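Structure data (mmCIF, N, CA and C atoms and all ligand atoms) from protein38.cif:
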```cif
data_run
#
loop_
_atom_site.group_PDB
_atom_site.id
_atom_site.type_symbol
_atom_site.label_atom_id
_atom_site.label_comp_id
_atom_site.auth_asym_id
_atom_site.auth_seq_id
_atom_site.Cartn_x
_atom_site.Cartn_y
_atom_site.Cartn_z
ATOM 1 N N MET A 164 0.838 -1.203 0.000
ATOM 2 C CA MET A 164 0.000 0.000 0.000
ATOM 3 C C MET A 164 0.868 1.246 0.000
ATOM 4 N N ARG A 165 0.440 2.273 -0.715
ATOM 5 C CA ARG A 165 1.184 3.524 -0.804
ATOM 6 C C ARG A 165 0.282 4.662 -0.336
ATOM 7 N N ALA A 166 0.901 5.745 0.115
ATOM 8 C CA ALA A 166 0.129 6.893 0.571
ATOM 9 C C ALA A 166 0.527 8.134 -0.214
ATOM 10 N N CYS A 167 -0.456 8.926 -0.577
ATOM 11 C CA CYS A 167 -0.204 10.175 -1.298
ATOM 12 C C CYS A 167 0.501 11.170 -0.377
ATOM 13 N N LYS A 168 1.538 11.830 -0.906
ATOM 14 C CA LYS A 168 2.288 12.782 -0.082
ATOM 15 C C LYS A 168 1.526 14.077 0.153
ATOM 16 N N SER A 169 0.552 14.394 -0.673
ATOM 17 C CA SER A 169 -0.158 15.651 -0.452
ATOM 18 C C SER A 169 -1.520 15.468 0.196
ATOM 19 N N CYS A 170 -2.322 14.487 -0.231
ATOM 20 C CA CYS A 170 -3.653 14.367 0.386
ATOM 21 C C CYS A 170 -3.779 13.145 1.290
ATOM 22 N N LYS A 171 -2.731 12.316 1.386
ATOM 23 C CA LYS A 171 -2.680 11.176 2.302
ATOM 24 C C LYS A 171 -3.586 10.016 1.909
ATOM 25 N N ALA A 172 -4.140 10.036 0.732
ATOM 26 C CA ALA A 172 -4.977 8.913 0.301
ATOM 27 C C ALA A 172 -4.133 7.657 0.155
ATOM 28 N N LEU A 173 -4.700 6.528 0.543
ATOM 29 C CA LEU A 173 -4.004 5.256 0.368
ATOM 30 C C LEU A 173 -4.405 4.644 -0.968
ATOM 31 N N THR A 174 -3.423 4.141 -1.684
ATOM 32 C CA THR A 174 -3.654 3.599 -3.013
ATOM 33 C C THR A 174 -2.576 2.585 -3.349
ATOM 34 N N GLU A 175 -2.815 1.792 -4.359
ATOM 35 C CA GLU A 175 -1.783 0.886 -4.846
ATOM 36 C C GLU A 175 -0.960 1.553 -5.949
ATOM 37 N N LEU A 176 -1.394 2.715 -6.389
ATOM 38 C CA LEU A 176 -0.795 3.361 -7.555
ATOM 39 C C LEU A 176 0.340 4.302 -7.171
ATOM 40 N N GLU A 177 1.222 4.560 -8.122
ATOM 41 C CA GLU A 177 2.328 5.481 -7.856
ATOM 42 C C GLU A 177 1.889 6.927 -7.980
ATOM 43 N N THR A 178 0.743 7.144 -8.621
ATOM 44 C CA THR A 178 0.179 8.481 -8.727
ATOM 45 C C THR A 178 -1.179 8.483 -8.047
ATOM 46 N N CYS A 179 -1.403 9.484 -7.213
ATOM 47 C CA CYS A 179 -2.645 9.543 -6.456
ATOM 48 C C CYS A 179 -3.854 9.707 -7.382
ATOM 49 N N PRO A 180 -4.873 8.860 -7.222
ATOM 50 C CA PRO A 180 -6.075 8.999 -8.050
ATOM 51 C C PRO A 180 -6.902 10.238 -7.706
ATOM 52 N N ASN A 181 -6.703 10.795 -6.511
ATOM 53 C CA ASN A 181 -7.455 11.987 -6.101
ATOM 54 C C ASN A 181 -6.843 13.263 -6.654
ATOM 55 N N CYS A 182 -5.546 13.439 -6.401
ATOM 56 C CA CYS A 182 -4.931 14.731 -6.700
ATOM 57 C C CYS A 182 -3.771 14.629 -7.673
ATOM 58 N N LYS A 183 -3.498 13.426 -8.187
ATOM 59 C CA LYS A 183 -2.435 13.217 -9.177
ATOM 60 C C LYS A 183 -1.049 13.487 -8.614
ATOM 61 N N GLY A 184 -0.958 13.562 -7.279
ATOM 62 C CA GLY A 184 0.339 13.778 -6.648
ATOM 63 C C GLY A 184 1.103 12.470 -6.527
ATOM 64 N N PRO A 185 2.385 12.561 -6.190
ATOM 65 C CA PRO A 185 3.184 11.347 -6.016
ATOM 66 C C PRO A 185 2.818 10.629 -4.723
ATOM 67 N N THR A 186 2.921 9.308 -4.741
ATOM 68 C CA THR A 186 2.661 8.527 -3.539
ATOM 69 C C THR A 186 3.955 7.885 -3.066
ATOM 70 N N THR A 187 3.980 7.475 -1.813
ATOM 71 C CA THR A 187 5.169 6.862 -1.260
ATOM 72 C C THR A 187 4.808 5.559 -0.578
ATOM 73 N N GLN A 188 5.686 4.586 -0.740
ATOM 74 C CA GLN A 188 5.443 3.281 -0.133
ATOM 75 C C GLN A 188 5.879 3.281 1.321
ATOM 76 N N TYR A 189 6.828 4.136 1.644
ATOM 77 C CA TYR A 189 7.396 4.159 2.987
ATOM 78 C C TYR A 189 7.110 5.494 3.648
ATOM 79 N N GLY A 190 7.281 5.536 4.952
ATOM 80 C CA GLY A 190 7.208 6.810 5.652
ATOM 81 C C GLY A 190 5.805 7.253 5.980
ATOM 82 N N TRP A 191 4.824 6.385 5.807
ATOM 83 C CA TRP A 191 3.478 6.755 6.250
ATOM 84 C C TRP A 191 3.050 5.806 7.351
ATOM 85 N N SER A 192 2.163 6.268 8.197
ATOM 86 C CA SER A 192 1.714 5.430 9.302
ATOM 87 C C SER A 192 0.267 5.738 9.632
ATOM 88 N N GLY A 193 -0.350 4.795 10.296
ATOM 89 C CA GLY A 193 -1.741 4.989 10.671
ATOM 90 C C GLY A 193 -2.641 4.723 9.479
ATOM 91 N N TYR A 194 -3.900 4.580 9.785
ATOM 92 C CA TYR A 194 -4.866 4.251 8.754
ATOM 93 C C TYR A 194 -6.224 4.724 9.225
ATOM 94 N N VAL A 195 -6.942 5.394 8.352
ATOM 95 C CA VAL A 195 -8.301 5.779 8.703
ATOM 96 C C VAL A 195 -9.177 5.654 7.458
ATOM 97 N N GLY A 196 -10.327 5.023 7.642
ATOM 98 C CA GLY A 196 -11.290 4.931 6.558
ATOM 99 C C GLY A 196 -12.347 6.008 6.749
ATOM 100 N N ILE A 197 -12.560 6.814 5.740
ATOM 101 C CA ILE A 197 -13.524 7.908 5.853
ATOM 102 C C ILE A 197 -14.662 7.675 4.876
ATOM 103 N N ILE A 198 -15.869 7.565 5.440
ATOM 104 C CA ILE A 198 -17.019 7.227 4.600
ATOM 105 C C ILE A 198 -17.774 8.491 4.212
ATOM 106 N N TYR A 199 -17.942 9.385 5.198
ATOM 107 C CA TYR A 199 -18.624 10.646 4.919
ATOM 108 C C TYR A 199 -17.705 11.800 5.317
ATOM 109 N N PRO A 200 -16.817 12.209 4.404
ATOM 110 C CA PRO A 200 -15.812 13.225 4.760
ATOM 111 C C PRO A 200 -16.415 14.519 5.298
ATOM 112 N N ASP A 201 -17.551 14.943 4.763
ATOM 113 C CA ASP A 201 -18.125 16.221 5.190
ATOM 114 C C ASP A 201 -18.812 16.124 6.540
ATOM 115 N N GLN A 202 -19.017 14.903 7.058
ATOM 116 C CA GLN A 202 -19.651 14.754 8.363
ATOM 117 C C GLN A 202 -18.702 14.221 9.426
ATOM 118 N N SER A 203 -17.458 13.986 9.034
ATOM 119 C CA SER A 203 -16.521 13.318 9.922
ATOM 120 C C SER A 203 -15.618 14.309 10.636
ATOM 121 N N LYS A 204 -15.556 14.194 11.963
ATOM 122 C CA LYS A 204 -14.666 15.061 12.737
ATOM 123 C C LYS A 204 -13.207 14.747 12.446
ATOM 124 N N ILE A 205 -12.928 13.453 12.252
ATOM 125 C CA ILE A 205 -11.553 13.066 11.932
ATOM 126 C C ILE A 205 -11.149 13.663 10.585
ATOM 127 N N ALA A 206 -12.061 13.570 9.625
ATOM 128 C CA ALA A 206 -11.779 14.113 8.299
ATOM 129 C C ALA A 206 -11.512 15.609 8.381
ATOM 130 N N LYS A 207 -12.301 16.298 9.185
ATOM 131 C CA LYS A 207 -12.141 17.743 9.332
ATOM 132 C C LYS A 207 -10.786 18.066 9.969
ATOM 133 N N LYS A 208 -10.449 17.292 10.988
ATOM 134 C CA LYS A 208 -9.174 17.480 11.673
ATOM 135 C C LYS A 208 -7.997 17.263 10.729
ATOM 136 N N MET A 209 -8.174 16.335 9.803
ATOM 137 C CA MET A 209 -7.109 16.015 8.862
ATOM 138 C C MET A 209 -7.167 16.880 7.606
ATOM 139 N N GLY A 210 -8.152 17.750 7.531
ATOM 140 C CA GLY A 210 -8.279 18.597 6.351
ATOM 141 C C GLY A 210 -8.803 17.839 5.144
ATOM 142 N N LEU A 211 -9.587 16.796 5.398
ATOM 143 C CA LEU A 211 -10.067 15.938 4.313
ATOM 144 C C LEU A 211 -11.545 16.151 4.008
ATOM 145 N N GLU A 212 -12.164 17.175 4.606
ATOM 146 C CA GLU A 212 -13.622 17.273 4.468
ATOM 147 C C GLU A 212 -14.071 17.511 3.019
ATOM 148 N N ASN A 213 -13.160 17.972 2.176
ATOM 149 C CA ASN A 213 -13.523 18.168 0.776
ATOM 150 C C ASN A 213 -13.002 17.054 -0.129
ATOM 151 N N LYS A 214 -12.415 16.038 0.488
ATOM 152 C CA LYS A 214 -11.853 14.946 -0.294
ATOM 153 C C LYS A 214 -12.893 13.831 -0.457
ATOM 154 N N PRO A 215 -12.707 12.973 -1.446
ATOM 155 C CA PRO A 215 -13.642 11.859 -1.590
ATOM 156 C C PRO A 215 -13.508 10.853 -0.455
ATOM 157 N N ALA A 216 -14.556 10.085 -0.220
ATOM 158 C CA ALA A 216 -14.511 9.017 0.772
ATOM 159 C C ALA A 216 -13.438 8.014 0.373
ATOM 160 N N GLY A 217 -12.841 7.405 1.373
ATOM 161 C CA GLY A 217 -11.823 6.423 1.046
ATOM 162 C C GLY A 217 -10.934 6.159 2.232
ATOM 163 N N GLU A 218 -9.768 5.607 1.947
ATOM 164 C CA GLU A 218 -8.828 5.241 2.989
ATOM 165 C C GLU A 218 -7.659 6.214 2.955
ATOM 166 N N TYR A 219 -7.297 6.683 4.147
ATOM 167 C CA TYR A 219 -6.229 7.672 4.245
ATOM 168 C C TYR A 219 -5.236 7.287 5.316
ATOM 169 N N ALA A 220 -3.988 7.701 5.114
ATOM 170 C CA ALA A 220 -2.961 7.521 6.138
ATOM 171 C C ALA A 220 -3.085 8.641 7.158
ATOM 172 N N LEU A 221 -2.746 8.359 8.413
ATOM 173 C CA LEU A 221 -2.786 9.411 9.431
ATOM 174 C C LEU A 221 -1.602 10.355 9.295
ATOM 175 N N LYS A 222 -0.444 9.765 8.991
ATOM 176 C CA LYS A 222 0.767 10.577 8.851
ATOM 177 C C LYS A 222 1.517 10.159 7.596
ATOM 178 N N VAL A 223 1.986 11.138 6.860
ATOM 179 C CA VAL A 223 2.881 10.858 5.743
ATOM 180 C C VAL A 223 4.093 11.758 5.872
ATOM 181 N N ARG A 224 5.264 11.134 5.863
ATOM 182 C CA ARG A 224 6.467 11.916 6.000
ATOM 183 C C ARG A 224 6.783 12.608 4.690
HETATM 184 ZN ZN ZN B 1 -3.389 12.816 -3.289
#
```

Output the structure of this file as structure tokens.
Ligand SMILES: [Zn+2]
Amino acid sequence: MRACKSCKALTELETCPNCKGPTTQYGWSGYVGIIYPDQSKIAKKMGLENKPAGEYALKVR
């Protein structure tokens, strides 16, 4: 699994499907699944309230 360096989305791809940014296989930790980004306190805290639902890393170095 890889994590996007800019929006923290988890993906198998080298390019983020959300923001087309580069992803990294290493240096990310944590995992959060967000189903309703606009209603989620975690999503808001992570700055993801405008992002699509999906799986995100908590931290990306
Ligand atoms: Zn991204």

On this structure, which residues satisfy the PyMOL selection byres (((chain A and resi 181 and name CA) around 9) and not hetatm and name CA), written as a list in words? Cys167, Cys170, Ala172, Thr178, Cys179, Pro180, Cys182, Lys183, Gly184, Lys214 and Pro215 of chain A

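Distance check against A:Ala220 using all atoms listed in the file: of A:Leu176, A:Ile198, A:Ala166, A:Ile205, the minimum falls on A:Ala166.
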
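Taking atom C of A:Tyr199 as the reference point, atom C of A:Glu218 is found at 11.7 Å.
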
Apply DSSP to the backbone of this structure and, from stretch 168-212 of chain A, keep only the residues in strand (DSSP E or B); write these as a compact mmCIF listing (two decimals) with N, CA and C atoms, keeping the file's coordinate frame.
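Contents of out_20.txt, as written:
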```txt
# COMPACT_ATOMS: atom_id res chain seq x y z
N ALA A 172 -4.14 10.04 0.73
CA ALA A 172 -4.98 8.91 0.30
C ALA A 172 -4.13 7.66 0.16
N LEU A 173 -4.70 6.53 0.54
CA LEU A 173 -4.00 5.26 0.37
C LEU A 173 -4.40 4.64 -0.97
N THR A 174 -3.42 4.14 -1.68
CA THR A 174 -3.65 3.60 -3.01
C THR A 174 -2.58 2.58 -3.35
N THR A 178 0.74 7.14 -8.62
CA THR A 178 0.18 8.48 -8.73
C THR A 178 -1.18 8.48 -8.05
N PRO A 185 2.38 12.56 -6.19
CA PRO A 185 3.18 11.35 -6.02
C PRO A 185 2.82 10.63 -4.72
N THR A 186 2.92 9.31 -4.74
CA THR A 186 2.66 8.53 -3.54
C THR A 186 3.96 7.88 -3.07
N THR A 187 3.98 7.48 -1.81
CA THR A 187 5.17 6.86 -1.26
C THR A 187 4.81 5.56 -0.58
N TRP A 191 4.82 6.38 5.81
CA TRP A 191 3.48 6.76 6.25
C TRP A 191 3.05 5.81 7.35
N SER A 192 2.16 6.27 8.20
CA SER A 192 1.71 5.43 9.30
C SER A 192 0.27 5.74 9.63
N VAL A 195 -6.94 5.39 8.35
CA VAL A 195 -8.30 5.78 8.70
C VAL A 195 -9.18 5.65 7.46
N GLY A 196 -10.33 5.02 7.64
CA GLY A 196 -11.29 4.93 6.56
C GLY A 196 -12.35 6.01 6.75
N ILE A 197 -12.56 6.81 5.74
CA ILE A 197 -13.52 7.91 5.85
C ILE A 197 -14.66 7.68 4.88
```

Just give me the gap between atom N of A:Leu173 and atom C of A:Val195 in Å, one decimal is fine. 8.3 Å

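When all atoms listed in the file are used to measure the gap to A:Ile197, the shortest distance among A:Met164, A:Glu177, A:Ala216, A:Pro185 belongs to A:Ala216.
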
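Distance-wise, atom CA of A:Ser203 and atom CA of A:Arg165 end up 22.9 Å apart.
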
The PyMOL selection byres (((chain A and resi 189 and name CA) around 10) and not hetatm and name CA) on the file shown: which residues, as a ChimeraX atom specification? /A:164-166,186-188,190-192,223-224

Per DSSP on the backbone, what are the alpha helix (DSSP H) residues of chain A, as a ChimeraX atom specification? /A:204-208

With a distance cut-off of 6 Å and only N, CA and C atoms, select the neighbouring residues of A:Leu211, excluding the residue or stretch itself and same-chain residues fewer than 4 positions from it, and output the selection as an mmCIF file with N, CA and C atoms, in the coordinates of the input.
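Once everything was written out, this is result25.cif:
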```
data_model
loop_
_atom_site.group_PDB
_atom_site.id
_atom_site.type_symbol
_atom_site.label_atom_id
_atom_site.label_comp_id
_atom_site.auth_asym_id
_atom_site.auth_seq_id
_atom_site.Cartn_x
_atom_site.Cartn_y
_atom_site.Cartn_z
ATOM 1 N N PRO A 200 -16.817 12.209 4.404
ATOM 2 C CA PRO A 200 -15.812 13.225 4.760
ATOM 3 C C PRO A 200 -16.415 14.519 5.298
ATOM 4 N N ALA A 206 -12.061 13.570 9.625
ATOM 5 C CA ALA A 206 -11.779 14.113 8.299
ATOM 6 C C ALA A 206 -11.512 15.609 8.381
ATOM 7 N N LYS A 207 -12.301 16.298 9.185
ATOM 8 C CA LYS A 207 -12.141 17.743 9.332
ATOM 9 C C LYS A 207 -10.786 18.066 9.969
#
```
